[in-house]
$ cat data35.cif   # mmCIF, C-alpha atoms, pLDDT in the B column; chains and numbers go by the auth columns
data_upload
loop_
_atom_site.group_PDB
_atom_site.id
_atom_site.type_symbol
_atom_site.label_atom_id
_atom_site.label_comp_id
_atom_site.label_asym_id
_atom_site.label_seq_id
_atom_site.Cartn_x
_atom_site.Cartn_y
_atom_site.Cartn_z
_atom_site.B_iso_or_equiv
_atom_site.auth_seq_id
_atom_site.auth_asym_id
ATOM 1 C CA MET A 1 0.000 0.000 0.000 71.00 1 A
ATOM 2 C CA ASN A 2 1.445 3.365 -0.964 82.00 2 A
ATOM 3 C CA GLN A 3 1.413 6.503 1.183 84.00 3 A
ATOM 4 C CA ALA A 4 -1.283 8.217 -0.896 85.00 4 A
ATOM 5 C CA LYS A 5 -3.689 5.321 -0.330 87.00 5 A
ATOM 6 C CA ILE A 6 -2.916 5.334 3.408 85.00 6 A
ATOM 7 C CA ASP A 7 -3.488 9.104 3.561 85.00 7 A
ATOM 8 C CA ARG A 8 -6.792 8.781 1.691 88.00 8 A
ATOM 9 C CA LYS A 9 -8.029 6.152 4.154 88.00 9 A
ATOM 10 C CA VAL A 10 -6.873 8.196 7.149 86.00 10 A
ATOM 11 C CA ASN A 11 -8.624 11.301 5.797 86.00 11 A
ATOM 12 C CA SER A 12 -11.882 9.346 5.554 86.00 12 A
ATOM 13 C CA LEU A 13 -11.835 8.608 9.321 87.00 13 A
ATOM 14 C CA ASN A 14 -14.146 10.510 11.677 85.00 14 A
ATOM 15 C CA GLY A 15 -12.641 12.792 14.333 84.00 15 A
ATOM 16 C CA ILE A 16 -12.439 10.260 17.147 87.00 16 A
ATOM 17 C CA ALA A 17 -11.026 7.508 14.936 87.00 17 A
ATOM 18 C CA ARG A 18 -8.442 9.959 13.625 88.00 18 A
ATOM 19 C CA LYS A 19 -7.356 10.767 17.199 90.00 19 A
ATOM 20 C CA VAL A 20 -7.063 7.038 17.891 91.00 20 A
ATOM 21 C CA PHE A 21 -5.006 6.609 14.705 89.00 21 A
ATOM 22 C CA GLU A 22 -2.705 9.476 15.687 89.00 22 A
ATOM 23 C CA ALA A 23 -2.114 7.822 19.084 91.00 23 A
ATOM 24 C CA VAL A 24 -1.048 4.511 17.493 92.00 24 A
ATOM 25 C CA PRO A 25 2.724 4.412 16.925 91.00 25 A
ATOM 26 C CA LYS A 26 4.383 3.536 13.609 88.00 26 A
ATOM 27 C CA GLN A 27 7.455 1.706 14.870 88.00 27 A
ATOM 28 C CA GLU A 28 6.270 -0.350 17.845 90.00 28 A
ATOM 29 C CA SER A 29 3.071 -2.193 18.688 90.00 29 A
ATOM 30 C CA TRP A 30 0.884 -0.881 21.512 91.00 30 A
ATOM 31 C CA THR A 31 -2.046 -2.320 23.409 91.00 31 A
ATOM 32 C CA ILE A 32 -5.401 -0.558 23.660 90.00 32 A
ATOM 33 C CA ASN A 33 -4.475 0.675 27.144 91.00 33 A
ATOM 34 C CA GLN A 34 -1.247 2.226 25.852 92.00 34 A
ATOM 35 C CA VAL A 35 -3.132 3.908 22.990 90.00 35 A
ATOM 36 C CA MET A 36 -5.670 5.284 25.484 91.00 36 A
ATOM 37 C CA GLN A 37 -2.867 6.630 27.698 91.00 37 A
ATOM 38 C CA GLU A 38 -1.306 8.356 24.673 90.00 38 A
ATOM 39 C CA MET A 39 -4.688 9.880 23.786 90.00 39 A
ATOM 40 C CA LYS A 40 -5.006 11.236 27.338 90.00 40 A
ATOM 41 C CA ARG A 41 -1.465 12.592 27.140 90.00 41 A
ATOM 42 C CA CYS A 42 -2.359 14.378 23.893 88.00 42 A
ATOM 43 C CA GLY A 43 -5.440 16.000 25.429 87.00 43 A
ATOM 44 C CA SER A 44 -8.365 13.625 24.821 82.00 44 A
ATOM 45 C CA PRO A 45 -10.070 13.453 28.211 80.00 45 A
ATOM 46 C CA ASN A 46 -11.127 9.927 29.224 82.00 46 A
ATOM 47 C CA PRO A 47 -11.348 8.088 25.900 83.00 47 A
ATOM 48 C CA ASP A 48 -13.896 5.254 26.048 86.00 48 A
ATOM 49 C CA ARG A 49 -12.262 1.837 25.788 87.00 49 A
ATOM 50 C CA HIS A 50 -15.039 0.430 23.588 89.00 50 A
ATOM 51 C CA VAL A 51 -14.811 3.354 21.160 88.00 51 A
ATOM 52 C CA VAL A 52 -11.031 2.981 20.937 89.00 52 A
ATOM 53 C CA ALA A 53 -11.338 -0.797 20.369 89.00 53 A
ATOM 54 C CA GLY A 54 -14.018 -0.272 17.723 88.00 54 A
ATOM 55 C CA SER A 55 -11.927 2.362 15.966 89.00 55 A
ATOM 56 C CA LEU A 56 -8.880 0.084 15.981 91.00 56 A
ATOM 57 C CA ASN A 57 -10.925 -2.811 14.563 89.00 57 A
ATOM 58 C CA HIS A 58 -12.313 -0.506 11.843 88.00 58 A
ATOM 59 C CA MET A 59 -8.803 0.693 10.946 89.00 59 A
ATOM 60 C CA LEU A 60 -7.556 -2.894 11.003 88.00 60 A
ATOM 61 C CA ALA A 61 -10.298 -3.878 8.553 87.00 61 A
ATOM 62 C CA ASN A 62 -9.363 -0.919 6.313 85.00 62 A
ATOM 63 C CA GLY A 63 -5.695 -1.890 6.380 87.00 63 A
ATOM 64 C CA ILE A 64 -4.277 1.296 7.927 90.00 64 A
ATOM 65 C CA VAL A 65 -3.400 -0.411 11.210 91.00 65 A
ATOM 66 C CA ILE A 66 -1.875 -3.848 11.661 89.00 66 A
ATOM 67 C CA GLU A 67 -1.993 -6.226 14.600 88.00 67 A
ATOM 68 C CA PRO A 68 1.367 -8.032 14.600 88.00 68 A
ATOM 69 C CA MET A 69 0.541 -9.675 17.936 87.00 69 A
ATOM 70 C CA PRO A 70 -2.966 -10.222 19.306 89.00 70 A
ATOM 71 C CA GLY A 71 -4.091 -7.052 21.095 87.00 71 A
ATOM 72 C CA ALA A 72 -1.104 -4.949 19.948 90.00 72 A
ATOM 73 C CA PHE A 73 -1.489 -2.420 17.133 92.00 73 A
ATOM 74 C CA ARG A 74 0.722 -0.170 15.019 90.00 74 A
ATOM 75 C CA GLN A 75 0.193 2.093 12.024 88.00 75 A
ATOM 76 C CA VAL A 76 0.753 0.808 8.534 87.00 76 A
ATOM 77 C CA THR A 77 3.565 2.452 6.623 84.00 77 A
ATOM 78 C CA PRO A 78 4.411 1.746 2.984 79.00 78 A
ATOM 79 C CA GLY A 79 7.220 -0.523 4.216 72.00 79 A
ATOM 80 C CA ASN A 80 5.197 -2.648 6.638 65.00 80 A
ATOM 81 C CA ALA A 81 1.841 -2.856 4.834 61.00 81 A
ATOM 82 C CA PRO A 82 0.336 -6.351 4.792 58.00 82 A
ATOM 83 C CA THR A 83 0.378 -8.091 1.427 53.00 83 A
ATOM 84 C CA HIS A 84 -2.943 -9.871 2.089 51.00 84 A
ATOM 85 C CA ASP A 85 -6.386 -8.545 2.894 49.00 85 A
ATOM 86 C CA PRO A 86 -6.535 -7.692 6.594 48.00 86 A
ATOM 87 C CA VAL A 87 -8.864 -9.782 8.720 50.00 87 A
ATOM 88 C CA PRO A 88 -10.787 -7.766 11.308 49.00 88 A
ATOM 89 C CA THR A 89 -10.591 -8.830 14.920 51.00 89 A
ATOM 90 C CA VAL A 90 -13.862 -10.317 16.067 46.00 90 A
ATOM 91 C CA VAL A 91 -15.069 -9.151 19.463 50.00 91 A
ATOM 92 C CA ASP A 92 -17.621 -11.290 21.272 48.00 92 A
ATOM 93 C CA GLN A 93 -20.824 -9.235 21.587 50.00 93 A
ATOM 94 C CA ASN A 94 -21.993 -11.290 24.593 55.00 94 A
ATOM 95 C CA PRO A 95 -18.950 -11.745 26.824 56.00 95 A
ATOM 96 C CA PRO A 96 -19.226 -14.146 29.762 55.00 96 A
ATOM 97 C CA PRO A 97 -20.261 -12.588 33.082 61.00 97 A
ATOM 98 C CA ALA A 98 -17.468 -10.868 34.924 57.00 98 A
ATOM 99 C CA LYS A 99 -15.711 -12.926 37.569 56.00 99 A
ATOM 100 C CA PRO A 100 -15.307 -11.456 41.044 55.00 100 A
ATOM 101 C CA ALA A 101 -12.067 -9.519 41.196 52.00 101 A
ATOM 102 C CA THR A 102 -9.295 -10.886 43.300 52.00 102 A
ATOM 103 C CA ALA A 103 -6.096 -9.098 44.097 48.00 103 A
ATOM 104 C CA LYS A 104 -4.073 -11.791 42.292 47.00 104 A
ATOM 105 C CA SER A 105 -6.135 -12.188 39.104 47.00 105 A
ATOM 106 C CA ALA A 106 -7.425 -8.679 38.350 49.00 106 A
ATOM 107 C CA ASP A 107 -5.762 -6.973 35.403 60.00 107 A
ATOM 108 C CA ASN A 108 -6.110 -3.287 34.645 66.00 108 A
ATOM 109 C CA GLY A 109 -8.060 -3.770 31.405 69.00 109 A
ATOM 110 C CA ASP A 110 -10.740 -5.869 33.108 82.00 110 A
ATOM 111 C CA LEU A 111 -11.023 -3.363 35.946 83.00 111 A
ATOM 112 C CA LEU A 112 -11.301 -0.471 33.494 83.00 112 A
ATOM 113 C CA ASP A 113 -14.059 -2.301 31.620 82.00 113 A
ATOM 114 C CA ARG A 114 -15.949 -2.897 34.837 85.00 114 A
ATOM 115 C CA PHE A 115 -15.582 0.748 35.861 83.00 115 A
ATOM 116 C CA ALA A 116 -16.772 1.798 32.398 82.00 116 A
ATOM 117 C CA ARG A 117 -19.886 -0.386 32.731 84.00 117 A
ATOM 118 C CA ILE A 118 -20.626 1.019 36.192 87.00 118 A
ATOM 119 C CA SER A 119 -20.068 4.551 34.925 85.00 119 A
ATOM 120 C CA SER A 120 -22.477 3.914 32.068 81.00 120 A
ATOM 121 C CA LYS A 121 -25.097 2.584 34.487 85.00 121 A
ATOM 122 C CA LEU A 122 -24.629 5.595 36.763 88.00 122 A
ATOM 123 C CA ASN A 123 -25.011 7.967 33.817 83.00 123 A
ATOM 124 C CA SER A 124 -28.253 6.203 32.893 82.00 124 A
ATOM 125 C CA ILE A 125 -29.526 6.468 36.477 87.00 125 A
ATOM 126 C CA ALA A 126 -28.540 10.139 36.601 85.00 126 A
ATOM 127 C CA ALA A 127 -30.500 10.802 33.391 81.00 127 A
ATOM 128 C CA GLN A 128 -33.528 9.030 34.861 87.00 128 A
ATOM 129 C CA MET A 129 -33.201 11.057 38.062 88.00 129 A
ATOM 130 C CA LYS A 130 -33.022 14.264 36.029 83.00 130 A
ATOM 131 C CA ASP A 131 -36.261 13.282 34.273 81.00 131 A
ATOM 132 C CA VAL A 132 -37.908 12.650 37.654 84.00 132 A
ATOM 133 C CA VAL A 133 -36.663 16.007 38.979 81.00 133 A
ATOM 134 C CA ASP A 134 -38.078 17.759 35.904 77.00 134 A
ATOM 135 C CA GLU A 135 -41.424 15.994 36.385 82.00 135 A
ATOM 136 C CA VAL A 136 -41.518 16.926 40.090 83.00 136 A
ATOM 137 C CA GLY A 137 -40.734 20.523 39.120 79.00 137 A
ATOM 138 C CA SER A 138 -43.587 20.692 36.631 78.00 138 A
ATOM 139 C CA ILE A 139 -45.991 19.107 39.137 85.00 139 A
ATOM 140 C CA SER A 140 -44.942 21.624 41.797 82.00 140 A
ATOM 141 C CA LEU A 141 -45.560 24.500 39.372 82.00 141 A
ATOM 142 C CA GLU A 142 -49.033 23.109 38.670 85.00 142 A
ATOM 143 C CA ALA A 143 -49.637 22.828 42.436 87.00 143 A
ATOM 144 C CA ILE A 144 -48.549 26.437 42.966 87.00 144 A
ATOM 145 C CA GLU A 145 -50.906 27.585 40.207 86.00 145 A
ATOM 146 C CA ALA A 146 -53.753 25.566 41.752 90.00 146 A
ATOM 147 C CA ILE A 147 -53.068 27.081 45.193 91.00 147 A
ATOM 148 C CA GLU A 148 -52.969 30.619 43.764 88.00 148 A
ATOM 149 C CA SER A 149 -56.214 29.991 41.892 89.00 149 A
ATOM 150 C CA ALA A 150 -57.856 28.630 45.053 91.00 150 A
ATOM 151 C CA GLU A 151 -56.636 31.656 47.038 90.00 151 A
ATOM 152 C CA LYS A 152 -58.075 33.969 44.407 90.00 152 A
ATOM 153 C CA LYS A 153 -61.440 32.182 44.548 91.00 153 A
ATOM 154 C CA THR A 154 -61.364 32.274 48.337 92.00 154 A
ATOM 155 C CA GLY A 155 -60.764 36.030 48.231 91.00 155 A
ATOM 156 C CA GLN A 156 -63.680 36.469 45.866 90.00 156 A
ATOM 157 C CA LEU A 157 -65.919 34.348 48.115 91.00 157 A
ATOM 158 C CA LYS A 158 -64.907 36.446 51.149 91.00 158 A
ATOM 159 C CA GLN A 159 -65.796 39.637 49.243 91.00 159 A
ATOM 160 C CA LEU A 160 -69.160 38.147 48.254 91.00 160 A
ATOM 161 C CA GLN A 161 -69.772 37.063 51.855 90.00 161 A
ATOM 162 C CA GLU A 162 -69.051 40.584 53.112 90.00 162 A
ATOM 163 C CA LEU A 163 -71.371 42.071 50.485 90.00 163 A
ATOM 164 C CA LEU A 164 -74.123 39.713 51.561 90.00 164 A
ATOM 165 C CA LYS A 165 -73.539 40.584 55.233 88.00 165 A
ATOM 166 C CA GLY A 166 -73.710 44.250 54.330 87.00 166 A
ATOM 167 C CA LEU A 167 -77.019 43.734 52.533 86.00 167 A
ATOM 168 C CA THR A 168 -78.562 41.819 55.428 84.00 168 A
ATOM 169 C CA ASN A 169 -77.461 44.437 57.968 79.00 169 A
ATOM 170 C CA GLU A 170 -79.133 47.276 56.122 68.00 170 A
#
$ encode --input "data35.cif" --output "structure tokens"
Amino acid sequence: MNQAKIDRKVNSLNGIARKVFEAVPKQESWTINQVMQEMKRCGSPNPDRHVVAGSLNHMLANGIVIEPMPGAFRQVTPGNAPTHDPVPTVVDQNPPPAKPATAKSADNGDLLDRFARISSKLNSIAAQMKDVVDEVGSISLEAIEAIESAEKKTGQLKQLQELLKGLTNE
């Protein structure tokens, strides 16, 4: 693959995928965690592991990144381009349930995935709570309007009562 073809494929990437590509080195192979650390170092706050993995798999399928060892990636250069069609890495969509973490068996990638799942759940709960808060706010506004309307009617009834008292006293 020549440099022009590589550049054309890189230019077709979206913004996030391009940042992932720029974080992948040309000379050595890096893991997803190393790529994420490089992205953070270059100013991308908290890149999502699943987005980075998906971007790397997309680039691997397009032939602009190679995976010389399983889980380690590097950019394709005209000198190290594969001579065969690249085979995308298949990621299991239904991974087995997470095992309880032990101090001896926990690796950083697994822990980061678990934290990412918890963070996603918390974000979902926070969005639901925001919806509930908005609903409570609208109900309270309706209650305030109902109270003000009732107070207005009560005032009118008091005026009518006083008028009637005044008529009976005369």
$ resolve_selection --input "data35.cif" --expression "the PyMOL selection byres ((chain A and resi 37-52) around 12)" --output "JSON, numbers by chain"
{"A": [14, 15, 16, 17, 18, 19, 20, 21, 22, 23, 24, 25, 30, 31, 32, 33, 34, 35, 36, 53, 54, 55, 56, 57, 58, 59, 73, 91, 93, 108, 109, 110, 111, 112, 113, 114, 115, 116, 117, 119, 120]}
$ atom_distance --input "data35.cif" --atom1 "atom CA of Gln75 of chain A" --atom2 "atom CA of Glu28 of chain A"
8.8 Å
$ atom_distance --input "data35.cif" --atom1 "atom CA of Pro68 of chain A" --atom2 "atom CA of Ser29 of chain A"
7.3 Å
$ atom_distance --input "data35.cif" --atom1 "atom CA of Asn2 of chain A" --atom2 "atom CA of Thr77 of chain A"
7.9 Å
